[in-house]
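Working notes, structure below.
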Amino acid sequence: MLPKLFFGYFAVVITVLSLLVVTRRNPVHSVMWMLLMFFNIASMYLFLNAEFIAAIQVIVYAGAILVLFLFVVLLLNLREELQTNRFIGSWPAGLIIAAALLASIGFAVSSFVPGFSGKYTTGYIQRETFTKVLGQVLYTEYLFPFEIASLILLISIIGAIVLAKRRTRS
Amino acid sequence: MQYYLLIPFLPFAAFLINILFGRSFIKDKAHWVAILAVGGSWVVSVATLVDVLSGKTLNENLYTWILSGGFKVSVGFLIDQLTTVMLIVVTTCSTLIHIYSAGYMHGDKGYYRFFSYLSLFTFCMLMLVMANNFLQLYFGWEGVGLCSYFLIGYYFNKKSASDAGKKAFIVNRFGDFGFGLGIIVIFLTFGTVYYAPVFSQAGAFAAKTVNFLGYDVHLMTLVALLLFCGSIGKSAQMPLHVWLPDAMEGPTPVSALIHAATMVTAGVFLVARCNPIFSLSETALTVVALTGAITSLFAATIGLVQNDLKRIIAYSTVSQLGYMFLACGVGAYTAGIFHLYTHAFFKALLFLCAGSVMHAMAGELDIQKMGGLKKYMPVTYLTMLIASFSIAGVPGLAGFFSKDEILWLAYSSPNPTGKVVWLIGTFVAFLTAFYSFRLIFLTFHGTFRGTHEQEHHLHESPKSMTVPLMLLCVGAVASGWVGIPHLLGGGAHFTEFMKPVLGHPEGHGTHAEEWMVMGISVAVGFSGIGLAYYMYMVRKELPARLAAQFSGVYKVLFNKYYVDELYSFILIRPTIWIAKNVLIGITDAKIIEAIVNGVPAAIGGFSSQLRRIQTGRLHHYATIMATGILIIVAWMLLR
Amino acid sequence: MQFLMPDIRPLVPEIVMTVLALAILLADLVIKRKETLATLSIICVVLVASTFSGSLGTSFGGMFLSDGYSMFFKIVFILNVILTVLISVKYIGVEKVNFGEYYGLILFSTLGMMIMASAGDLIVLYLGLELMALSTYILAGFIRHDIRSNEAAIKYFLLGAFASAFLLYGTSMIYGLTGTTNLAAISEYIKQHGLTGNPLLTLSMVFLVIAFSFKIAAVPFHMWTPDAYEGAPTSITAFMSVGPKAAGFAVMGRVLLYALYPIKPMWTSVLIPVAILTMGVGNIVAISQTNIKRMLAYSSIAHAGYALLGVIAGTADGLASMMTYLLIYAFMNIGAFAVIIMLRSEGFKGDMISDYEGLWHTHPGAASLMIVFMFSLTGIPPTAGFMGKFYLFASAVSAGYMWLVIVAVIFSAISAYFYLRIVMFMCMREPRQTVALSISPSISLALAITLAGVIVIGVLPAQVVNLARIAFP
Amino acid sequence: MEQVIANSLGFPVLSTLIFLPLAGAVLLLLIPRAQEGLIKIVALFASIAAFIISLPLFTGFDKSTHVMQFVERHEWIPAWNINYSLGLDGISILFVLLSTLVTILCVLISWNSVKTKTKEFYISLLIVEGAMIGVFCALDFFLFYIFWEAMLIPMYLLIGVWGGPNRVYAAIKFFLFTLVGSVLMLVGIIVLYLYSGRTFDIVELSTRVYPYQMQLWLFWAFFAAFAVKVPMFPVHTWLPDAHTEAPTAGSVILAAILIKMGAYGFLRFSLPLLPDASKAMTPVMLVLSVIAIIYGGVICLAQTDLKRLIAYSSVSHMGFVTLGIFALNMQGMEGGILQMVNHGIVTGALFLSVGIIYDRTHTRQIADYGGVATVMPLYASLFIVFTLASIGLPSTNGFIGEFLIILGGFTSNQWAGLLAATGIIIGAGYMLWLYQRVFFMEPGPKVAGLSDMDARELITLLPMVALIFWIGIYPDTFLGFMHKSVEHLIERVNTGGMHGPAVARSIIEVIK
Amino acid sequence: MVPLNWYLMLSAAVFTIGVFGFLTRRNIIIMFMSIELMLNAVNISLVSFSHYLKDMRGVILVFFIVTVAAAEAAIGLAIIIALFRNKTTANVDEMNEMKG
């Protein structure tokens with residue numbers, strides 16, 4: 001019963017917050033609401049005993065990415081931003097599409113049947129601690145994707161430099 | 001008897017030599033080449049005649065011309081009585097006219113061209129008459145047509161001349177259309193197009209009917225009539241006679257050779273040649289007879305009122321050709337050919353005389369502007385007079401015998417149409433006599449009505465022209481004597497000679513009737529002459545009065561019954577109108593091209609509409625993407 | 001617990017690629033003449049190619065499959081890099097963006113494609129795709145001082161991110177349904193547990209297909225293509241029009257024919273309308289274009305449509321024809337772009353079709369090459385384009401999609417119109433201004449290679465076809 | 001009896017014929033464009049060499065059999081079972097000879113009239129020649145299609161670059177028209193290929209039996225390609241434009257060879273591969289042919305443009321050809337094939353002649369002419385020969401062809417034969433009218449003072465004159481080639497037979 | 001015990017909200033943020049999956065997604081900045097240099 005209650009809380013809050021994110025006129029507010037929402041998501045992860053993910057949700061998402069957003073938001077002049085209306089003219093179309101999409105996804109999801117279950121039972125994870133298990137899997141089975149991820153980060157750095165850095169062409 | 005090959009190929013050689021080297025080397029010596037060649041083939045023809053008289057005939061193939069599946073036809077030659085007669089007629093006239101032309105065309109800039117055409121014509125005509133199969137006949141048939149096209153349009157700088165040439169060729173094509181189909185039907189029936197097998201088997205199909213274009217028709221009638229289409233065109237019978245008068249645009253020797261003596265008689269030759277087929281179809285014969293009769297009447301009436309020297313003779317030609325068909329129509333092929341043979345001489349003579357007159361009148365052709373020429377050009381006058389007597393059927397002259405035989409056989413033929421055509425024929429004989437002498441009187445008698453310089457220019461023609469006149473004159477007088485009927489104590493040798501090929505219709509009639517027919521024809525002949533004398537020598541104002549009185553009739557006759565106008569109205573103009581306004585204007589432009597250009601245009605327009613979706617605005621892109629996703633998802637989930 | 005070293009032989013090409021790419025990034029710091037970098041990167045990919053032989057096999061428990069299929073695509077990618085670099089050398093100088101990172105990014109993007117081609121696991125697939133995509137976004141926006149380039153980048157980027165979100169959602173659902181992300185395992189699971197009719201599976205399949213369609217620029221997920229192609233540096237346009245497209249087809253083929261083969265009817269019924277739309281819109285809109293880069297963008301959409309026939313056919317021949325076509329397309333399309341780039345010079349953009357008026361009279365050579373490429377794109381023999389199309393159509397018909405092929409040939413006949421239009425402008429109009437061609441040895445080499453490819457494959461396609469056929473058992 | 005007779009001439013004659021012109025083109029590529037003279041010479045020699053090489057075909061051909069001769073066969077794309085195989089039979093051999101001859105004349109006639117981009121012009125010309133010969137030699141359907149399409153490229157350039165004022169429209173029209181037809185044929189080819197167990201070998205394909213339904217589909221697929229090329233009635237409108245706008249050489253190639261390919265396609269593919277469908281579709285084809293004959297003819301009566309008139313006359317004459325082919329009997333078909341050759345010679349010659357006078361006056365309007373015969377007698381006398389041949393006067397080649405066709409047509413359907421025969425009357429009408437308007441009457445301002453033909457032009461026309469009379473007087477030389485092949489073809493059509501409904505069912509899977 | 005479907009529903013909701021934002025917001029950065037929303041939605045479902053399936057792959061993927069998201073953010077924002085240099089607006093609809 002209790003988990004259901006908690007889930008209900010998170011569900012409501014996350015949905016509301018995300019709605020706020022996409023509807024606020026002032027980008028700064030949006031970022032702020034998003035921040036709050038990430039914290040909620042993080043704590044929901046805890047209930048799914050994925051504490052490490054919760055951690056990176058806070059550290060990387062909230063800590064890094066959103067801050068980046070904030071910087072950029074502050075780059076543009078908010079005043080002009082606050083004059084223009086936030087939605088494009090044909091926003092109802094977007095609303096309808098989104099709603100219809102939700103409906104169809106919901107319909108599809110209702111027919112969900114779980115796939116085969118693995119060996120990482122809750123008990124096992126609680127015994128080994130999530131982070132350790134994750135680490136083991138990540139650095140053995142998923143070493144290869146991990147390497148690719150590193151390259152992605154590398155090129156993102158390069159890209160950011162190439163595109164954003166003011167420089168006189170060599 | 002291989003030398004017969006020389007007959008056609010000597011003129012052909014002459015043609016080649018003249019056409020190739022004429023312009024640069026031979027120039028004004030061209031006539032020598034031609035005359036020698038044609039003369040040569042005349043000699044050979046005579047030799048052939050001798051052979052044939054001694055009973056030798058020949059039918060052999062030179063080489064296979066076309067071979068395709070079951071269809072095989074050779075270039076081959078058949079020499080029998082009919083052929084020989086034609087050979088004599090053609091080569092004789094040709095030779096004399098070649099000689100005549102040497103004088104007549106002297107100094108013309110296309111001298112060599114003229115003679116090469118003339119030789120080519122002779123070659124084709126000879127191939128026509130010597131053929132032993134229908135396709136080669138067709139070859140000669142079209143060949144002579146071509147030459148007449150060339151020679152009519154010889155003065156091609158004159159529009160009228162080139163028009164006339166074109167007209168002649170195309171009108172003939174209409175006839176040949178039927179002729180060609182006839183040949184095809186013959187092949188499909190007999191499996192061959194050689195005379196011998198066709199004629200020998202014809203009897204077997206006498207009763208056969210075939211399905212033609214969905215109708216069941218009597219086979220032999222079909223074949224005969226299809227072939228007759230060719231004759232109608234070539235021999236200028238109704239309704240395809242329109243080309244012949246215009247053909248007078250050509251130089252006069254051409255009119256004499258092609259449009260009087262030889263080519264135009266090819267139609268008669270064809271019917272005579274195919275007599276085994278025609279004889280099997282009562283209908284066909286009737287058609288032939290009536291066509292001939294009507295044409296001869298029709299042409300004669302027109303001839304009454306024309307003023308153009310050559311056109312009058314042209315119409316008389318048409319009318320005489322009608323006579324020949326009339327003969328064939330009543331089964332008197334011999335008589336037809338006999339008339340063809342005599343007619344060749346006096347009609348050629350008439351034309352050459354006309355030419356000689358033109359020569360004197362510096363190209364003037366209107367007989368109203370002539371008169372009293374006999375004192376300037378006695379030879380021409382005399383010869384032309386004799387020719388006219390001959391055509392008018394004055395006893396003893398060539399025309400008399402042939403015409404009389406035709407009328408008698410028509411009268412006496414069992415065929416019910418016989419009597420009808422006899423009546424018409426007799427009446428035409430009267431008309432013929434009348435207009436021939438109208439011509440004589442207006443031209444040679446009375447006082448000169450032309451201009452003074454013309455009068456000063458008047459003179460007798462040179463020897464090269466008058467000699468042929470005299471020679472032909474002999475023909476016009478004597479050529480008939482080979483066919484004097486038994487009635488007059490003659491041997492009717494011609495008929496006997498022709499029997500093997502053409503058979504001989506037995507006239508059902510008493511000597512009395514025969515005398516009567518002969519008498520009537522002589523009578524009408526003379527009365528015609530008399531009337532002409534009365535109207536044009538005694539009461540010169542009468543013709544004008546009559547013309548005024550019956551102006552309606554006169555106009556119709558003078559305008560040749562408006563046949564030309566009719567054709568251009570119902571045939572030529574509509575076709576071109578359709579071509580311009582329907583085919584080009586609508587089918588091609590409005591329908592096909594509209595589609596051809598319309599579809600790309602539509603696609604292009606659609607394209608420029610479609611590209612407006614690409615607004616360049618990110619949201620629209622996103623929306624379209626999302627919509628696409630939604631549609632696919634919904635569709636996939638709901639199906 | 002012990003750590004077992006996986007068999008890395010299959011990865012040798014990727015590893016070599018990574019190392020050399022990094023090396024080139026470093027070399028950028030010391031080397032001032034950037035042309036040298038171009039040479040280096042070509043040497044680099046040639047080295048990579050040299051390691052292909054004997055790198056067959058799988059690794060990381062089936063996450064990485066190095067088979068004939070991936071090998072063929074990698075050849076296409078390598079070719080793509082070589083040609084792109086060759087046509088870039090002078091061009092990026094003209095555009096004043098002669099930075100070393102350019103080559104590095106091209107290599108990394110290619111590395112991403114190679115990983116995609118070999119991905120045996122949805123996670124790897126996703127990461128490879130992102131590696132490729134992110135590098136391509138940067139390259140698209142590489143001319144920072146050009147608003148059009150920025151715009152191209154931003155549009156490409158945002159829509160790309162949007163699409164990959166769907167890819168992820170689909171991936172996650174498939175994971176949820178099957179409990180695995182390994183392609184082979186997925187198809188196994190679907191077969192065993194009879195998921196074929198499951199709506200959620202269908203949904204996730206649709207989402208994956210959508211993401212791939214975005215990469216191959218299939219209608220209606222093509223909207224980014226014209227703008228991105230027009231705005232991006234021409235050399236990168238050439239690169240994008242071949243590389244990511246081919247990679248997209250690679251993963252599409254892999255996922256649909258390995259993992260999702262059990263629900264083939266489902267995805268064919270998605271792909272058929274998409275293919276028709278793609279051919280239709282691509283060919284029709286191309287007719288009314290005035291900018292040649294944009295026109296080629298639409299043409300590349302259309303060609304994606306043709307290639308989709310191969311996937312729809314879903315047979316070994318189908319895939320082989322699709323692969324062959326992509327290889328051929330690489331030759332003819334980059335060839336065309338090479339000619340376009342030659343017209344770009346200081347102060348002259350030369351990307352309008354009207355700039356080509358009378359080119360045949362002023363520069364017969366270049367124009368003749370363009371003619372060949374245009375006819376090849378139209379699919380007129382004896383050029384390679386025809387062979388490719390023929391193979392595609394043949395395999396589609398043999399798979400029973402006769403009517404689809406008829407539609408395709410009609411559209412390819414329509415396509416003749418706008419390709420001919422270029423030829424017509426070049427040959428049948430009088431030159432208006434004298435265009436100075438910026439010819440360099442490298443670009444001449446590129447043209448030589450592409451021309452050779454178009455003609456040789458057009459006349460003797462046997463080798464290529466065999467390669468593609470053995471690639472897919 | 002074996003399927004084919006291998007090439008016995010000691011060298012791959014057909015390959016040589018195809019690739020020698022292409023080699024010539026490459027050679028031209030190497031010559032600097034400045035040296036126009038040299039370029040012309042090389043082109044001329046290349047074409048002459050091709051002609052000389054093609055002569056052994058004429059002598060070495062075995063007329064006593066229908067099977068393919070001079071056959072060469074090499075593996076080409078084993079993966080698709082495609083072979084590079086060439087060969088000739090009685091139907092195709094004449095067209096190879098005609099192609100090689102006509103090309104020489106095209107080179108000669110363009111000698112002075114092509115002034116811009118001479119090099120490219122002759123290159124295109126030679127490529128066209130190679131492709132044309134390839135089309136007639138190919139024994140592999142795929143190879144055939146390659147040549148068939150490859151020809152479009154140089155032809156498109158020939159029309160579009162060196163053509164008249166409206167050339168671009170004409171060129172694109174020509175290209176798209178043909179392409180749309182061809183691609184549909186391509187689908188047909190693919191179906192055939194898959195059904196017959198993946199073979200393109202024409203000889204083998206034409207021994208198989210195909211289900212009737214499939215035959216019908218394929219027939220129309222092929223029809224789309226061939227009818228456009230012929231061109232048959234509803235799809236003829238590209239021809240007048242292409243003919244009119246193309247340079248002289250282009251028109252000649254179009255008239256003499258290119259539009260023969262359509263009819264050739266019917267003979268080589270539609271009839272032997274799809275005998276039942278062809279038989280069933282005969283009425284349609286006959287109707288279309290007759291319409292083409294009369295329609296094309298009548299339209300000529302209203303033409304004011306010299307080349308346009310001859311173009312429409314081609315429509316009419318090709319109507320005769322298709323009529324003969326679909327008469328499906330010896331006379332008709334042989335007549336049809338011969339008429340293809342005749343039309344090639346005559347219309348080719350007519351376009352050459354028009355080119356000769358166009359070079360002098362630069363006008364195509366008939367109204368601008370008149371009295372040419374006065375100033376150019378030699379020219380006039382040659383032109384009349386072509387005119388007469390075109391209206392089918394006995395002793396010219398036209399007569400043999402048209403007579404056989406009408407005979408055959410009449411045999412298979414009386415109305416067809418009858419109506420076709422009217423075409424001859426109309427033909428006489430417009431050709432003689434044309435001749436009168438151009439050559440007769442007094443010379444007009446544009447015409448007065450024209451110089452008569454020079455030696456080069458004379459040489460260009462003489463071969464045509466010779467051929468016209470040769471075929472007209474001794475056609476057996478040419479008909480002889482066909483007999484066996486046509487017999488065999490007709491037998492194939494008549495015994496085509498639609499056995500095996502079982503196969504019929506299986507094909508439904510293949511198609512849909 | 002919370003049924004898995006609830007989590008899926010939640011993720012679906014967030015995902016579509018993200019879609020909505022992406023489709024309707026003028027501001028380019030908020031569009032970008034909407035995409036982040038969509039990614040988070042995916043993460044939610046993945047985490048819950050791997051919890052319920054007792055399998056690590058889900059969270060592994062989440063881990064990578066986060067990484068990629070970071071990289072994406074960096075590049076995306078860099079592009080945006082480059083854009084601002086030439087054209088100071090965050091309104092995407094003013095970016096239609098190229099169309100048709």
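Ordered as shown in the structure tokens, chains take letters A, B, and onward, while each chain numbers its residues from 1 and ligands are numbered from 1 in the order shown.
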
Open item on the list: If we count only C-alpha atoms and set the cut-off at 8 Å, which residues sit around Ala275 of chain C, ignoring sequence neighbours fewer than 4 positions away in its own chain? Please answer as a list in words.
Closed with: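 My list of contacting residues is Ala218, Val219, Leu271, Met279, Ala304, Gly305, Tyr306, Leu308 and Leu309 of chain C.
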
Open item on the list: I'd like the neighbourhood of His243 of chain D as a PyMOL selection string, where a residue qualifies if any of its atoms comes within 9 Å (using only C-alpha atoms), though same-chain residues fewer than 3 positions away should be ignored.
Closed with: chain D and resi 159+170+238-240+246-248+250-252+254-255+307-308+310-311

Any idea what's packed within 7 Å of Tyr69 of chain C, counting only C-alpha atoms, ignoring anything in its chain fewer than 2 positions away? Could you give it as a PDB file with N, CA, C and O atoms, in the first residue's frame?
```
ATOM      1  N   ASP C  67      30.824  -9.203 -39.553  1.00  0.00           N
ATOM      2  CA  ASP C  67      30.566 -10.196 -40.590  1.00  0.00           C
ATOM      3  C   ASP C  67      30.639  -9.527 -41.960  1.00  0.00           C
ATOM      4  O   ASP C  67      30.915  -8.326 -42.068  1.00  0.00           O
ATOM      5  N   MET C  71      31.091  -5.682 -42.998  1.00  0.00           N
ATOM      6  CA  MET C  71      32.332  -5.400 -43.737  1.00  0.00           C
ATOM      7  C   MET C  71      32.004  -4.591 -44.993  1.00  0.00           C
ATOM      8  O   MET C  71      32.642  -3.581 -45.296  1.00  0.00           O
ATOM      9  N   PHE C  72      30.968  -5.025 -45.701  1.00  0.00           N
ATOM     10  CA  PHE C  72      30.608  -4.323 -46.934  1.00  0.00           C
ATOM     11  C   PHE C  72      30.291  -2.867 -46.633  1.00  0.00           C
ATOM     12  O   PHE C  72      30.810  -1.948 -47.272  1.00  0.00           O
ATOM     13  N   PHE C  73      29.504  -2.668 -45.583  1.00  0.00           N
ATOM     14  CA  PHE C  73      29.150  -1.280 -45.252  1.00  0.00           C
ATOM     15  C   PHE C  73      30.388  -0.496 -44.866  1.00  0.00           C
ATOM     16  O   PHE C  73      30.558   0.667 -45.234  1.00  0.00           O
ATOM     17  N   ALA C 471      28.125 -11.391 -48.713  1.00  0.00           N
ATOM     18  CA  ALA C 471      28.061 -10.689 -47.435  1.00  0.00           C
ATOM     19  C   ALA C 471      26.878 -11.174 -46.626  1.00  0.00           C
ATOM     20  O   ALA C 471      26.943 -11.265 -45.412  1.00  0.00           O
ATOM     21  N   PHE C 472      25.801 -11.499 -47.311  1.00  0.00           N
ATOM     22  CA  PHE C 472      24.583 -11.813 -46.565  1.00  0.00           C
ATOM     23  C   PHE C 472      24.174 -13.255 -46.819  1.00  0.00           C
ATOM     24  O   PHE C 472      23.538 -13.552 -47.815  1.00  0.00           O
TER      25      PHE C 472
END
```

Open item on the list: Report, in Å to a single decimal, how far apart atom CA of Leu111 of chain C and atom CA of Val46 of chain C are.
Closed with: 13.6 Å

Long-range neighbours of Asn291 of chain C as a CSV table (one decimal) with N, CA, C and O atoms, in the first residue's frame, 10 Å cut-off, only C-alpha atoms, 3 positions minimum in chain:
```
chain,number,residue,atom,x,y,z
C,230,GLU,N,21.5,21.8,-47.8
C,230,GLU,CA,21.8,23.0,-48.4
C,230,GLU,C,22.7,23.9,-47.6
C,230,GLU,O,23.7,24.5,-48.1
C,286,ALA,N,11.9,17.5,-56.2
C,286,ALA,CA,13.2,17.8,-56.8
C,286,ALA,C,13.0,18.6,-58.1
C,286,ALA,O,13.9,19.4,-58.5
C,288,SER,N,11.2,21.0,-59.0
C,288,SER,CA,11.0,22.5,-59.0
C,288,SER,C,12.1,23.1,-58.1
C,288,SER,O,11.9,24.2,-57.6
C,294,ARG,N,20.2,21.5,-53.0
C,294,ARG,CA,18.9,21.1,-52.5
C,294,ARG,C,18.3,20.1,-53.4
C,294,ARG,O,17.7,19.1,-52.9
C,295,MET,N,18.5,20.3,-54.7
C,295,MET,CA,17.9,19.3,-55.7
C,295,MET,C,18.5,17.9,-55.4
C,295,MET,O,17.8,16.9,-55.3
C,296,LEU,N,19.8,17.9,-55.1
C,296,LEU,CA,20.4,16.6,-54.8
C,296,LEU,C,20.0,16.1,-53.5
C,296,LEU,O,19.9,14.8,-53.3
C,297,ALA,N,19.6,17.0,-52.6
C,297,ALA,CA,19.0,16.5,-51.3
C,297,ALA,C,17.8,15.7,-51.6
C,297,ALA,O,17.6,14.6,-51.1
C,350,GLY,N,28.1,29.3,-56.6
C,350,GLY,CA,28.0,28.3,-57.6
C,350,GLY,C,27.1,27.1,-57.2
C,350,GLY,O,27.4,26.0,-57.7
C,351,ASP,N,26.1,27.3,-56.4
C,351,ASP,CA,25.3,26.2,-56.1
C,351,ASP,C,23.9,26.4,-56.6
C,351,ASP,O,23.0,25.6,-56.3
C,352,MET,N,23.7,27.4,-57.5
C,352,MET,CA,22.4,27.5,-58.2
C,352,MET,C,22.5,26.7,-59.5
C,352,MET,O,23.5,26.7,-60.1
C,353,ILE,N,21.3,26.1,-59.9
C,353,ILE,CA,21.3,25.4,-61.1
C,353,ILE,C,21.7,26.3,-62.3
C,353,ILE,O,22.3,26.0,-63.2
C,354,SER,N,21.2,27.6,-62.1
C,354,SER,CA,21.4,28.5,-63.3
C,354,SER,C,22.9,28.8,-63.4
C,354,SER,O,23.4,29.2,-64.5
C,355,ASP,N,23.7,28.5,-62.4
C,355,ASP,CA,25.2,28.7,-62.5
C,355,ASP,C,25.8,27.7,-63.5
C,355,ASP,O,26.9,27.9,-63.9
```

- [ ] When you get a sec, could you note down which chain A residues fall within 7 Å of chain B, using only C-alpha atoms, as a list in words?
- [x]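 Result: Gly94, Ile97, Leu101 and Ser104 of chain A.
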
- [ ] Write out as a ChimeraX atom specification the residues lying within 10 Å of Lys119 of chain A, counting only C-alpha atoms and excluding same-chain residues fewer than 2 positions away.
- [x] /A:117,121-122,124-125 /E:53-56

Expected file: the selected residues, N, CA and C atoms, as a short mmCIF file (atom, residue, chain, number, x, y, z; two decimals), in the first residue's frame:
```
data_model
loop_
_atom_site.label_atom_id
_atom_site.label_comp_id
_atom_site.auth_asym_id
_atom_site.auth_seq_id
_atom_site.Cartn_x
_atom_site.Cartn_y
_atom_site.Cartn_z
N SER A 117 13.16 -12.85 -16.66
CA SER A 117 13.82 -12.10 -15.58
C SER A 117 15.20 -12.67 -15.33
N THR A 121 18.39 -10.32 -8.61
CA THR A 121 17.18 -10.11 -7.80
C THR A 121 17.43 -8.98 -6.81
N THR A 122 16.35 -8.43 -6.27
CA THR A 122 16.47 -7.33 -5.32
C THR A 122 17.37 -7.74 -4.15
N TYR A 124 19.74 -9.95 -4.12
CA TYR A 124 21.14 -10.01 -4.55
C TYR A 124 21.73 -8.62 -4.59
N ILE A 125 21.00 -7.71 -5.17
CA ILE A 125 21.51 -6.35 -5.31
C ILE A 125 21.71 -5.72 -3.94
N LEU E 53 12.58 -6.79 -13.98
CA LEU E 53 13.09 -7.97 -14.70
C LEU E 53 14.31 -8.54 -14.00
N LYS E 54 14.69 -7.90 -12.90
CA LYS E 54 15.88 -8.35 -12.16
C LYS E 54 17.06 -8.47 -13.13
N ASP E 55 17.30 -7.39 -13.86
CA ASP E 55 18.35 -7.42 -14.88
C ASP E 55 19.02 -6.07 -14.90
N MET E 56 20.31 -6.05 -15.23
CA MET E 56 21.05 -4.79 -15.11
C MET E 56 21.05 -3.97 -16.40
#
```

TODO: Choose the residue, out of D:Ile356, D:Leu489, D:Ala302, D:Ile133, that has the smallest atom-to-atom separation from Pro275 of chain D; count only C-alpha atoms.
DONE: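 The closest residue to Pro275 of chain D is D:Leu489.
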
If we count only C-alpha atoms, what is near Ala54 of chain A at a cut-off of 9 Å, once residues fewer than 3 positions away on the same chain are taken out, given as an mmCIF file with N, CA and C atoms, in the first residue's frame?
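Writing the result to result.cif gives the following:
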```
data_model
loop_
_atom_site.group_PDB
_atom_site.id
_atom_site.type_symbol
_atom_site.label_atom_id
_atom_site.label_comp_id
_atom_site.auth_asym_id
_atom_site.auth_seq_id
_atom_site.Cartn_x
_atom_site.Cartn_y
_atom_site.Cartn_z
ATOM 1 N N PHE A 39 15.058 16.000 -9.167
ATOM 2 C CA PHE A 39 15.215 15.482 -7.799
ATOM 3 C C PHE A 39 14.134 14.441 -7.522
ATOM 4 N N ILE A 41 12.546 12.588 -9.648
ATOM 5 C CA ILE A 41 12.840 11.351 -10.390
ATOM 6 C C ILE A 41 13.920 10.572 -9.657
ATOM 7 N N ALA A 42 14.942 11.309 -9.232
ATOM 8 C CA ALA A 42 16.046 10.647 -8.539
ATOM 9 C C ALA A 42 15.512 9.872 -7.345
ATOM 10 N N SER A 43 14.673 10.539 -6.589
ATOM 11 C CA SER A 43 14.217 9.840 -5.380
ATOM 12 C C SER A 43 13.322 8.668 -5.745
ATOM 13 N N MET A 44 12.629 8.786 -6.860
ATOM 14 C CA MET A 44 11.834 7.635 -7.283
ATOM 15 C C MET A 44 12.750 6.458 -7.623
ATOM 16 N N TYR A 45 13.888 6.768 -8.231
ATOM 17 C CA TYR A 45 14.855 5.702 -8.535
ATOM 18 C C TYR A 45 15.244 4.974 -7.260
ATOM 19 N N LEU A 46 15.367 5.733 -6.181
ATOM 20 C CA LEU A 46 15.757 5.085 -4.926
ATOM 21 C C LEU A 46 14.756 3.992 -4.579
ATOM 22 N N ASN A 49 15.300 0.768 -5.972
ATOM 23 C CA ASN A 49 16.677 0.569 -5.516
ATOM 24 C C ASN A 49 17.713 0.597 -6.637
ATOM 25 N N ALA A 50 17.820 1.809 -7.240
ATOM 26 C CA ALA A 50 18.901 2.081 -8.172
ATOM 27 C C ALA A 50 19.606 3.339 -7.696
ATOM 28 N N GLU A 51 20.261 3.197 -6.564
ATOM 29 C CA GLU A 51 20.753 4.415 -5.916
ATOM 30 C C GLU A 51 21.809 5.105 -6.774
ATOM 31 N N GLN A 57 21.644 10.949 -11.640
ATOM 32 C CA GLN A 57 20.529 11.810 -12.042
ATOM 33 C C GLN A 57 20.713 13.183 -11.408
ATOM 34 N N VAL A 58 21.093 13.170 -10.147
ATOM 35 C CA VAL A 58 21.279 14.453 -9.456
ATOM 36 C C VAL A 58 22.567 15.119 -9.926
ATOM 37 N N ILE A 59 23.648 14.340 -9.909
ATOM 38 C CA ILE A 59 24.954 14.959 -10.148
ATOM 39 C C ILE A 59 25.065 15.421 -11.597
#
```
